[in-house]
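S.K.: One file is attached below, query.cif, containing mmCIF, C-alpha atoms and all ligand atoms.
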```cif
data_work
#
loop_
_atom_site.label_atom_id
_atom_site.label_comp_id
_atom_site.auth_asym_id
_atom_site.auth_seq_id
_atom_site.Cartn_x
_atom_site.Cartn_y
_atom_site.Cartn_z
CA MET A 1 6.34 -6.38 -20.44
CA SER A 2 8.35 -5.39 -17.34
CA GLU A 3 5.35 -5.79 -15.06
CA ALA A 4 4.97 -9.43 -16.00
CA VAL A 5 8.52 -10.20 -14.89
CA GLU A 6 8.66 -8.30 -11.61
CA PRO A 7 5.57 -9.73 -9.90
CA ALA A 8 6.51 -13.25 -11.04
CA THR A 9 9.82 -13.06 -9.16
CA SER A 10 8.07 -11.76 -6.07
CA SER A 11 5.64 -14.65 -6.22
CA SER A 12 8.45 -17.18 -6.27
CA GLU A 13 9.93 -15.33 -3.31
CA THR A 14 6.72 -15.75 -1.38
CA THR A 15 6.62 -19.48 -1.95
CA SER A 16 10.21 -20.33 -1.11
CA PRO A 17 10.42 -18.91 2.46
CA THR A 18 7.60 -21.25 3.58
CA GLU A 19 9.69 -24.20 2.48
CA VAL A 20 12.67 -22.86 4.37
CA VAL A 21 10.56 -22.30 7.48
CA GLU A 22 9.19 -25.82 7.29
CA GLY A 23 12.69 -27.25 7.08
CA SER A 24 13.92 -25.25 10.03
CA ILE A 25 10.91 -26.20 12.16
CA ASP A 26 11.70 -29.87 11.64
CA LYS A 27 15.20 -29.32 13.00
CA SER A 28 14.03 -27.26 15.96
CA GLU A 29 13.00 -28.52 19.36
CA ASP A 30 9.45 -28.91 18.07
CA PHE A 31 10.73 -32.01 16.35
CA VAL A 32 8.59 -34.62 18.09
CA GLU A 33 8.30 -38.07 16.66
CA PRO A 34 4.53 -38.64 16.67
CA ASP A 35 4.03 -35.34 14.89
CA THR A 36 6.45 -36.18 12.07
CA LYS A 37 4.92 -39.60 11.66
CA ARG A 38 1.52 -38.06 11.39
CA ARG A 39 2.83 -35.60 8.85
CA LYS A 40 4.42 -38.33 6.74
CA LEU A 41 1.22 -40.40 6.77
CA ALA A 42 -0.81 -37.36 5.94
CA THR A 43 1.43 -36.57 2.98
CA LYS A 44 0.94 -40.04 1.58
CA ASN A 45 -2.84 -39.93 1.91
CA ASP A 46 -3.09 -36.37 0.68
CA ASP A 47 -0.78 -36.88 -2.27
CA LYS A 48 -3.61 -36.91 -4.77
CA LYS A 49 -5.46 -34.10 -3.08
CA HIS A 50 -2.32 -31.96 -2.96
CA LYS A 51 -1.80 -32.46 -6.63
CA LEU A 52 -5.35 -31.40 -7.41
CA GLU A 53 -4.91 -28.31 -5.26
CA ASP A 54 -1.66 -27.51 -7.01
CA ARG A 55 -3.31 -28.00 -10.36
CA LEU A 56 -6.22 -25.77 -9.38
CA GLY A 57 -3.76 -23.19 -8.10
CA GLY A 58 -2.07 -23.18 -11.50
CA ILE A 59 -5.41 -22.70 -13.22
CA LEU A 60 -6.84 -20.03 -10.92
CA CYS A 61 -3.70 -17.93 -10.51
CA CYS A 62 -3.26 -14.45 -11.94
CA ALA A 63 -1.92 -14.61 -15.51
CA VAL A 64 0.48 -11.75 -14.79
CA CYS A 65 2.01 -12.35 -11.34
CA LEU A 66 1.16 -16.08 -11.18
CA ASP A 67 0.05 -15.61 -7.56
CA LEU A 68 -3.31 -16.75 -6.27
CA PRO A 69 -5.38 -13.56 -6.06
CA LYS A 70 -6.11 -12.35 -2.54
CA ALA A 71 -9.10 -10.18 -3.40
CA ALA A 72 -11.00 -9.34 -6.57
CA VAL A 73 -10.27 -11.30 -9.76
CA TYR A 74 -10.79 -9.67 -13.16
CA GLN A 75 -10.98 -11.29 -16.56
CA CYS A 76 -10.66 -10.08 -20.13
CA THR A 77 -13.40 -10.78 -22.65
CA ASN A 78 -11.54 -14.02 -23.51
CA GLY A 79 -11.55 -15.15 -19.88
CA HIS A 80 -7.90 -14.58 -18.87
CA LEU A 81 -7.63 -13.95 -15.15
CA MET A 82 -5.84 -11.10 -13.43
CA CYS A 83 -5.62 -10.17 -9.76
CA ALA A 84 -6.86 -6.69 -8.83
CA GLY A 85 -3.32 -5.38 -8.31
CA CYS A 86 -2.08 -6.53 -11.74
CA PHE A 87 -5.27 -5.33 -13.41
CA THR A 88 -4.84 -1.78 -12.13
CA HIS A 89 -1.11 -2.02 -12.91
CA VAL A 90 -1.87 -2.88 -16.54
CA LEU A 91 -4.35 0.00 -16.78
CA ALA A 92 -1.88 2.38 -15.14
CA ASP A 93 0.95 1.36 -17.50
CA ALA A 94 -1.31 1.92 -20.49
CA ARG A 95 -2.15 5.38 -19.16
CA LEU A 96 1.54 6.18 -18.72
CA ARG A 97 2.35 5.03 -22.26
CA ASP A 98 -0.77 6.68 -23.70
CA GLU A 99 -1.87 3.38 -25.20
CA LEU A 100 -5.01 1.31 -24.92
CA ALA A 101 -4.68 -1.30 -22.19
CA THR A 102 -4.55 -4.88 -23.46
CA CYS A 103 -4.78 -8.28 -21.82
CA PRO A 104 -1.19 -9.52 -21.16
CA SER A 105 -2.23 -13.02 -22.31
CA CYS A 106 -4.18 -12.41 -25.52
CA ARG A 107 -3.76 -8.68 -26.24
CA VAL A 108 -7.50 -8.08 -26.45
CA GLU A 109 -8.31 -4.55 -25.34
CA ILE A 110 -9.25 -4.23 -21.66
CA SER A 111 -10.68 -1.39 -19.63
CA LYS A 112 -12.53 -0.86 -16.39
CA THR A 113 -15.79 -1.43 -18.26
CA SER A 114 -14.85 -4.27 -20.62
CA ALA A 115 -13.18 -6.43 -17.94
CA THR A 116 -15.44 -8.23 -15.50
CA ARG A 117 -15.07 -9.71 -12.04
CA ASN A 118 -15.07 -13.51 -11.80
CA LEU A 119 -16.81 -14.38 -8.53
CA ALA A 120 -16.58 -18.14 -9.07
CA VAL A 121 -12.80 -17.91 -9.23
CA GLU A 122 -12.67 -15.53 -6.26
CA ASN A 123 -14.71 -17.97 -4.18
CA ALA A 124 -12.80 -21.03 -5.38
CA VAL A 125 -9.46 -19.39 -4.54
CA SER A 126 -10.69 -18.45 -1.07
CA GLU A 127 -11.39 -22.14 -0.39
CA LEU A 128 -7.96 -23.36 -1.53
CA PRO A 129 -5.67 -24.27 1.35
CA SER A 130 -2.93 -21.89 2.33
CA GLU A 131 -0.16 -22.32 4.85
CA CYS A 132 0.05 -20.31 8.05
CA GLN A 133 3.41 -18.48 8.05
CA PHE A 134 3.88 -19.21 11.77
CA CYS A 135 2.69 -22.77 12.44
CA ASN A 136 2.83 -24.15 8.87
CA GLN A 137 -0.62 -25.70 9.17
CA GLN A 138 -2.98 -25.38 6.24
CA PHE A 139 -6.17 -23.35 6.35
CA PRO A 140 -8.66 -22.21 3.73
CA ARG A 141 -7.47 -18.85 2.40
CA ASN A 142 -10.59 -17.10 3.61
CA SER A 143 -9.85 -17.95 7.25
CA LEU A 144 -6.05 -17.72 7.15
CA GLU A 145 -5.89 -14.02 7.95
CA ARG A 146 -8.02 -14.44 11.08
CA HIS A 147 -5.95 -17.45 12.12
CA GLU A 148 -2.63 -15.65 11.66
CA GLU A 149 -3.79 -12.48 13.39
CA GLN A 150 -5.94 -13.80 16.21
CA GLU A 151 -5.75 -17.54 16.68
CA CYS A 152 -2.34 -18.97 15.86
CA ASP A 153 -0.37 -20.03 18.93
CA GLU A 154 2.88 -19.53 17.08
CA ARG A 155 2.23 -15.97 15.95
CA ILE A 156 4.84 -13.46 17.03
CA SER A 157 3.96 -11.33 20.01
CA GLY A 158 5.76 -8.97 22.37
CA CYS A 159 6.22 -8.96 26.12
CA LYS A 160 3.63 -7.03 28.14
CA PHE A 161 6.55 -5.05 29.57
CA SER A 162 7.61 -3.79 26.14
CA ARG A 163 6.47 -0.30 27.14
CA ILE A 164 9.17 -0.22 29.80
CA GLY A 165 11.81 -1.45 27.40
CA CYS A 166 11.59 -5.26 27.14
CA PRO A 167 12.64 -6.10 23.59
CA TRP A 168 11.44 -9.73 23.77
CA ARG A 169 9.49 -10.98 20.78
CA GLY A 170 8.56 -14.60 20.26
CA PRO A 171 5.81 -17.13 19.67
CA LEU A 172 2.64 -16.36 21.62
CA HIS A 173 2.71 -19.64 23.55
CA GLU A 174 6.14 -18.79 24.98
CA ARG A 175 4.99 -15.40 26.14
CA PRO A 176 3.60 -16.35 29.60
CA GLU A 177 6.81 -18.18 30.46
CA HIS A 178 8.91 -15.22 29.39
CA GLU A 179 6.75 -12.72 31.25
CA ASN A 180 7.14 -14.76 34.44
CA GLN A 181 10.90 -14.45 34.31
CA CYS A 182 11.09 -11.07 32.57
CA ASN A 183 13.30 -8.82 34.66
CA HIS A 184 11.98 -5.55 33.27
CA PRO A 185 9.41 -5.08 36.06
CA HIS A 186 12.34 -5.11 38.49
CA ARG A 187 14.24 -2.35 36.77
CA THR A 188 14.70 0.96 38.49
CA GLY A 189 12.59 3.96 37.63
CA ALA A 190 15.63 5.64 36.08
CA GLU A 191 16.12 2.75 33.68
CA VAL A 192 12.45 2.67 32.76
CA MET A 193 12.50 6.40 32.04
CA GLU A 194 14.70 5.79 28.99
CA SER A 195 12.05 3.67 27.29
CA LEU A 196 9.26 6.00 28.28
CA LYS A 197 11.18 8.88 26.71
CA ALA A 198 11.41 7.02 23.39
CA ILE A 199 7.67 6.34 23.43
CA ASP A 200 6.97 9.96 24.32
CA GLN A 201 9.09 11.14 21.40
CA GLU A 202 7.22 8.91 18.96
CA MET A 203 3.86 10.15 20.21
CA ALA A 204 5.03 13.76 20.17
CA ASP A 205 6.02 13.47 16.50
CA GLU A 206 2.61 12.08 15.68
CA ARG A 207 0.85 14.75 17.69
CA LYS A 208 2.82 17.56 16.10
CA ILE A 209 0.93 17.29 12.84
CA TYR A 210 -2.45 17.39 14.60
CA ASP A 211 -1.39 20.29 16.78
CA SER A 212 -0.31 22.15 13.65
CA ILE A 213 -3.69 21.52 12.06
CA PHE A 214 -5.45 22.98 15.07
CA GLU A 215 -3.17 25.98 14.95
CA LEU A 216 -3.94 26.45 11.25
CA LEU A 217 -7.66 26.33 12.02
CA GLY A 218 -7.13 29.58 13.91
CA PHE A 219 -5.87 31.38 10.80
CA GLU A 220 -7.87 34.32 9.54
CA LYS A 221 -8.46 32.99 6.04
CA ILE A 222 -9.24 29.35 5.33
CA LEU A 223 -10.59 27.94 2.11
CA PHE A 224 -11.04 24.56 0.58
CA ASN A 225 -11.50 23.37 -2.97
CA ASP A 226 -12.37 19.92 -4.23
CA ILE A 227 -9.77 19.40 -6.91
CA GLN A 228 -9.95 17.06 -9.85
CA LEU A 229 -6.67 16.20 -11.54
CA LYS A 230 -6.88 15.12 -15.16
CA PRO A 231 -4.15 13.31 -17.08
CA TYR A 232 -2.24 15.17 -19.80
CA ARG A 233 0.88 14.50 -21.85
CA THR A 234 3.89 16.67 -22.41
CA ASP A 235 4.69 17.34 -26.08
CA GLU A 236 8.32 16.29 -25.64
CA PHE A 237 9.73 13.63 -27.95
CA VAL A 238 8.86 10.96 -25.40
CA HIS A 239 5.41 11.92 -24.17
CA ARG A 240 5.28 12.06 -20.45
CA LEU A 241 2.19 11.83 -18.32
CA PHE A 242 1.36 14.56 -15.88
CA TYR A 243 -1.79 15.66 -14.11
CA GLU A 244 -3.30 19.09 -13.90
CA SER A 245 -6.38 20.59 -12.36
CA SER A 246 -8.49 23.28 -13.95
CA ARG A 247 -8.05 26.76 -12.54
CA PHE A 248 -9.74 27.52 -9.28
CA SER A 249 -9.92 30.67 -7.27
CA ALA A 250 -8.87 31.18 -3.69
CA PHE A 251 -8.05 34.38 -1.80
CA ASN A 252 -8.89 36.47 -4.88
CA ASN A 253 -6.30 34.68 -6.97
CA GLN A 254 -6.25 31.94 -9.59
CA TRP A 255 -4.52 28.68 -8.80
CA VAL A 256 -3.68 25.36 -10.43
CA VAL A 257 -2.45 22.04 -9.02
CA LYS A 258 -0.06 19.88 -11.03
CA ALA A 259 1.07 16.34 -10.25
CA ARG A 260 3.55 13.95 -11.75
CA ILE A 261 4.67 10.35 -11.35
CA ASN A 262 7.94 9.36 -9.67
CA ASN A 263 8.93 13.01 -9.82
CA SER A 264 9.16 12.91 -13.60
CA GLN A 265 11.43 9.88 -13.82
CA LYS A 266 12.18 9.26 -17.51
CA ASP A 267 10.16 6.07 -17.85
CA PRO A 268 8.07 5.25 -14.78
CA THR A 269 6.91 1.99 -16.40
CA GLN A 270 10.45 0.66 -15.76
CA SER A 271 10.01 1.05 -12.04
CA SER A 272 7.84 -0.99 -9.72
CA GLU A 273 8.03 1.69 -7.04
CA ARG A 274 5.57 4.46 -7.79
CA GLY A 275 4.64 7.68 -6.13
CA LEU A 276 2.99 10.98 -6.93
CA THR A 277 4.30 14.44 -6.22
CA TYR A 278 2.28 17.60 -6.58
CA GLN A 279 2.77 21.34 -6.67
CA LEU A 280 0.57 24.35 -6.22
CA ILE A 281 0.89 27.16 -8.75
CA LEU A 282 -0.29 30.71 -8.36
CA LYS A 283 -1.60 31.77 -11.76
CA SER A 284 -2.45 35.40 -11.13
CA LYS A 285 -0.03 38.21 -10.37
CA THR A 286 0.28 39.10 -6.75
CA THR A 287 1.87 42.27 -5.42
CA THR A 288 1.99 41.13 -1.80
CA PRO A 289 3.65 37.84 -0.81
CA MET A 290 1.22 35.17 0.29
CA ASN A 291 2.35 32.86 3.09
CA LEU A 292 0.26 29.79 2.48
CA SER A 293 -0.10 26.47 4.26
CA TYR A 294 -2.01 23.67 2.60
CA ILE A 295 -3.15 20.10 3.18
CA VAL A 296 -4.43 17.45 0.78
CA LEU A 297 -7.26 15.30 2.10
CA ARG A 298 -9.48 12.66 0.62
CA GLY A 299 -12.55 14.89 0.47
CA PRO A 300 -16.12 13.89 -0.32
CA VAL A 301 -15.46 12.81 -3.94
CA GLY A 302 -13.04 10.05 -4.81
CA ASP A 303 -11.25 7.62 -2.56
CA ILE A 304 -7.58 8.61 -2.50
CA LYS A 305 -5.84 7.10 0.53
CA VAL A 306 -3.64 10.03 1.43
CA LYS A 307 -2.07 10.59 4.84
CA PRO A 308 -2.24 14.18 6.05
CA SER A 309 0.82 16.35 5.86
CA ILE A 310 1.10 20.10 5.96
CA HIS A 311 3.11 22.05 3.44
CA GLN A 312 3.95 25.69 3.61
CA PHE A 313 5.19 28.04 0.89
CA GLU A 314 5.43 31.75 0.37
CA PHE A 315 4.07 32.68 -3.03
CA THR A 316 5.49 35.92 -4.46
CA GLU A 317 5.53 37.62 -7.81
CA GLN A 318 8.78 35.82 -8.72
CA GLU A 319 8.18 32.55 -6.89
CA ASN A 320 4.71 31.51 -7.99
CA GLU A 321 5.25 27.73 -7.99
CA SER A 322 5.68 25.63 -4.88
CA PRO A 323 8.21 22.79 -5.07
CA TYR A 324 6.90 19.32 -5.99
CA LEU A 325 6.12 17.56 -2.74
CA PRO A 326 5.05 13.96 -2.19
CA LEU A 327 1.43 13.00 -1.86
CA ARG A 328 1.74 10.63 1.09
CA LEU A 329 0.20 7.45 -0.31
CA PRO A 330 0.45 4.16 1.61
CA ASP A 331 2.27 2.28 -1.20
CA SER A 332 2.89 1.86 -4.95
CA ASN A 333 -0.36 -0.09 -5.29
CA GLU A 334 -2.36 2.94 -4.27
CA CYS A 335 -0.46 5.01 -6.82
CA ASN A 336 -1.23 2.47 -9.55
CA ARG A 337 -4.86 2.46 -8.50
CA LEU A 338 -4.97 6.23 -8.92
CA LEU A 339 -3.23 6.03 -12.31
CA ALA A 340 -5.71 3.41 -13.45
CA ALA A 341 -8.63 5.68 -12.63
CA LYS A 342 -9.59 8.37 -15.12
CA VAL A 343 -9.18 11.28 -12.73
CA ILE A 344 -7.76 11.88 -9.27
CA ASN A 345 -10.02 13.65 -6.78
CA PHE A 346 -9.02 15.23 -3.51
CA ARG A 347 -9.75 18.16 -1.27
CA LEU A 348 -7.18 20.93 -0.94
CA ILE A 349 -7.43 23.05 2.18
CA MET A 350 -5.54 26.33 2.11
CA PHE A 351 -4.66 28.51 5.09
CA LEU A 352 -3.47 32.06 4.52
CA ALA A 353 -1.35 33.60 7.26
CA SER A 354 -2.14 37.24 7.86
CA LYS A 355 0.86 39.53 7.72
ZN ZN B 401 -1.48 -10.59 -10.35
ZN ZN B 402 -7.05 -12.23 -22.54
ZN ZN B 403 -0.77 -20.77 12.50
ZN ZN B 404 9.79 -9.11 28.86
#
```
Will you turn the file into C-alpha cells for me?
Ligand SMILES: [Zn+2]
Ligand SMILES: [Zn+2]
Ligand SMILES: [Zn+2]
Ligand SMILES: [Zn+2]

M.R.:
Amino acid sequence: MSEAVEPATSSSETTSPTEVVEGSIDKSEDFVEPDTKRRKLATKNDDKKHKLEDRLGGILCCAVCLDLPKAAVYQCTNGHLMCAGCFTHVLADARLRDELATCPSCRVEISKTSATRNLAVENAVSELPSECQFCNQQFPRNSLERHEEQECDERISGCKFSRIGCPWRGPLHERPEHENQCNHPHRTGAEVMESLKAIDQEMADERKIYDSIFELLGFEKILFNDIQLKPYRTDEFVHRLFYESSRFSAFNNQWVVKARINNSQKDPTQSSERGLTYQLILKSKTTTPMNLSYIVLRGPVGDIKVKPSIHQFEFTEQENESPYLPLRLPDSNECNRLLAAKVINFRLIMFLASK
C-alpha cells in the first residue's frame, strides 16, 4: 500500500504551509488592530461552523490521500470515496502488478465500470470553504481558482517592465507603486539588450521544434499510423508490464512500437514519479539504411496529452531498434491515467529522408 502513504504525506504538506503563512501575515506590516479583532470575533462566532466544516471535510475526503477531491469523486460498490487521481492510481497499480484492482478501504473489486461517480459529494466539496493561498480569506472551493487567478489583490504578479529585465515580483496591490519607481525604463539600450537576448533565446528554442516540423513536411515520404499500444507482461520471474503495438507497415516495411514504464525500473509501484518511454522497431530486413524522423501526437483516437518532440534514428540491418525515448507527458498523473486505461492510443508520423 505505498500509494496510500505517499499522497497522505503530501496532503499534510498542503495543509501546514497555510498555517505558516497565516502566522507570518500576522507579524507583517498588515498587522492592523481592527482586522485582528474582527478575526478573533469571527473565530468565536464561527467556532461551531468551523467544526462542522472540518467534520464534513473528514467525511468527504478521499479515502486514499485524505485530501478533499478537486474534481471527480469515485466510489466503490460499498460507497468508499476516492479522488480521480487516486482512483486512476489504484487502477494503474493493479495493471502494473497484474492483479484485479480493489478498493483500498474494503478490498471489494473496482474497475472503470464498477466504480461510479458521486455527484452529491463532488458538489458538496465544491461548496466547502477553502483558503486563498495569498490573502488567507475563505472562499467556496468552486470559486477559489477564479479568485486566486483573477481577483485576489494579494496574488503574485510581475512588473510590466519584466521584459526589459525587471525581476520584481510581489503582491498585485503593490505593483503600481513599484512600477512608478521602477528604474528599468531608465536603463540604457545596451542594458536592455541583455534581457531581450534571453527572451529571444527562449523563443528560439521553442520555435526550433516547429521549424523542424515544417522542414520535415518537405520530406519526400511521409506516413502516419494510428497506433494502439496494448499491455503485456514479460515472462521473467517478476512479471513486468510493457506495451506493444501490433505490426504495421510503413515504407514497405513492417514496424512495431514498444513502450515501458519508468524505463523498466524494477518495481514502478514503489515510485510516485512515473513516465513512459517508447521505441520504434523495424521488423523486416532492410538492405538500405533508413534515416527516419518520427513524432508522436495525440491523433483522432484517444486523449493522450503528449507534447510534440521529434526523434531521429537510422535503421539498418544491424540496428533495427531505436533507443527508448521519453513520451513527453505533462506529469506522473497523466502517466497513471494512461496506465489505468486499457489501451494507449496515439498517432505516429514518420518522415523518411531520401538518400
Ligand atoms: Zn485521493
Ligand atoms: Zn470500498
Ligand atoms: Zn485571495
Ligand atoms: Zn520593475

S.K.: In Å, with one decimal, what is the gap from atom CA of Glu317 of chain A to atom CA of Met290 of chain A?

M.R.: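 Interatomic distance, atom CA of Glu317 of chain A to atom CA of Met290 of chain A: 9.5 Å.
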
S.K.: Need to verify the contact set: Asp93 of chain A, 9 Å, only C-alpha atoms, exclusion of same-chain residues closer than 5 positions in sequence. Can you return it as a ChimeraX atom specification?

M.R.: /A:3,88,98-99,101,268-269,336,339-340

S.K.: For Ile281 of chain A, work out the shell of residues within 9 Å, counting only C-alpha atoms and skipping chain neighbours fewer than 2 positions away, then give it as a ChimeraX atom specification.

M.R.: /A:254-258,279,283,315,320-322

S.K.: Give me the residues near Glu319 of chain A as a PyMOL selection string, where near means some atom within 12 Å (using all atoms listed in the file) and where sequence neighbours in that chain fewer than 4 positions away do not count.

M.R.: chain A and resi 280-291+313-315+323

S.K.: Neighbours of ligand ZN 401 (chain B) at 8 Å or closer, counting all atoms listed in the file: which residues, as a list in words?

M.R.: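 Counting only what the definition allows, namely all atoms listed in the file, the set is Pro7, Cys61, Cys62, Ala63, Val64, Cys65, Leu66, Asp67, Leu68, Pro69, Met82, Cys83, Ala84, Gly85, Cys86 and Phe87 of chain A.
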
S.K.: Counting only C-alpha atoms and all ligand atoms, which residues of chain A sit at most 10 Å from some atom of ligand ZN 402 (chain B), and what is each one's closest atom pair with its distance in Å to one decimal, listed by chain and rising residue number, as a tab-separated table?

M.R.:
```
residue	atom	partner	partner_atom	distance
A:Ala63	CA	B:ZN402	ZN	9.0
A:Gln75	CA	B:ZN402	ZN	7.2
A:Cys76	CA	B:ZN402	ZN	4.8
A:Thr77	CA	B:ZN402	ZN	6.5
A:Asn78	CA	B:ZN402	ZN	4.9
A:Gly79	CA	B:ZN402	ZN	6.0
A:His80	CA	B:ZN402	ZN	4.4
A:Leu81	CA	B:ZN402	ZN	7.6
A:Met82	CA	B:ZN402	ZN	9.3
A:Thr102	CA	B:ZN402	ZN	7.8
A:Cys103	CA	B:ZN402	ZN	4.6
A:Pro104	CA	B:ZN402	ZN	6.6
A:Ser105	CA	B:ZN402	ZN	4.9
A:Cys106	CA	B:ZN402	ZN	4.1
A:Arg107	CA	B:ZN402	ZN	6.1
A:Val108	CA	B:ZN402	ZN	5.7
A:Glu109	CA	B:ZN402	ZN	8.3
A:Ile110	CA	B:ZN402	ZN	8.3
A:Ala115	CA	B:ZN402	ZN	9.6
```

S.K.: Please check which protein, DNA or RNA residues sit within 8 Å of ligand ZN 404 (chain B), counting all atoms listed in the file, and write them as JSON, numbers by chain.

M.R.: {"A": [158, 159, 160, 161, 162, 166, 167, 168, 178, 179, 181, 182, 183, 184]}

S.K.: State, in Å with one decimal place, the distance from atom CA of Phe346 of chain A to atom CA of Val301 of chain A.

M.R.: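 Distance between the two atoms: 6.9 Å.
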
S.K.: Give me, as a tab-separated table, each residue of chain A that comes within 12 Å of ligand ZN 403 (chain B), together with its shortest interatomic pair and the distance in Å at one decimal, counting only C-alpha atoms and all ligand atoms, with rows ordered by chain and rising residue number.

M.R.:
```
residue	atom	partner	partner_atom	distance
A:Ser130	CA	B:ZN403	ZN	10.5
A:Glu131	CA	B:ZN403	ZN	7.8
A:Cys132	CA	B:ZN403	ZN	4.5
A:Gln133	CA	B:ZN403	ZN	6.5
A:Phe134	CA	B:ZN403	ZN	5.0
A:Cys135	CA	B:ZN403	ZN	4.0
A:Asn136	CA	B:ZN403	ZN	6.1
A:Gln137	CA	B:ZN403	ZN	6.0
A:Gln138	CA	B:ZN403	ZN	8.1
A:Phe139	CA	B:ZN403	ZN	8.6
A:Pro140	CA	B:ZN403	ZN	11.9
A:Ser143	CA	B:ZN403	ZN	10.9
A:Leu144	CA	B:ZN403	ZN	8.1
A:Glu145	CA	B:ZN403	ZN	9.6
A:Arg146	CA	B:ZN403	ZN	9.7
A:His147	CA	B:ZN403	ZN	6.2
A:Glu148	CA	B:ZN403	ZN	5.5
A:Glu149	CA	B:ZN403	ZN	8.9
A:Gln150	CA	B:ZN403	ZN	9.4
A:Glu151	CA	B:ZN403	ZN	7.3
A:Cys152	CA	B:ZN403	ZN	4.1
A:Asp153	CA	B:ZN403	ZN	6.5
A:Glu154	CA	B:ZN403	ZN	6.0
A:Arg155	CA	B:ZN403	ZN	6.6
A:Ile156	CA	B:ZN403	ZN	10.3
A:Pro171	CA	B:ZN403	ZN	10.4
A:Leu172	CA	B:ZN403	ZN	10.7
A:His173	CA	B:ZN403	ZN	11.6
```

S.K.: Pick from A:Gln318, A:Gln312, A:Ser246, A:Asn252: nearest to Lys221 of chain A, with only C-alpha atoms counted?

M.R.: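 Closest candidate: A:Asn252.
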
S.K.: Which residues, written as a count of residues only, have at least one atom at most 9 Å from segment 236-245 of chain A, with only C-alpha atoms counted and residues fewer than 5 positions away on the same chain left out?

M.R.: 21

S.K.: Given 8 Å on each side, where is the centre and what are the edge lengths in Å to one decimal of the axis-aligned box enclosing the listed atoms of segment 184-189 of chain A, as lines of an AutoDock Vina configuration file?

M.R.:
```
center_x = 12.1
center_y = -0.8
center_z = 35.9
size_x = 21.3
size_y = 25.5
size_z = 21.2
```
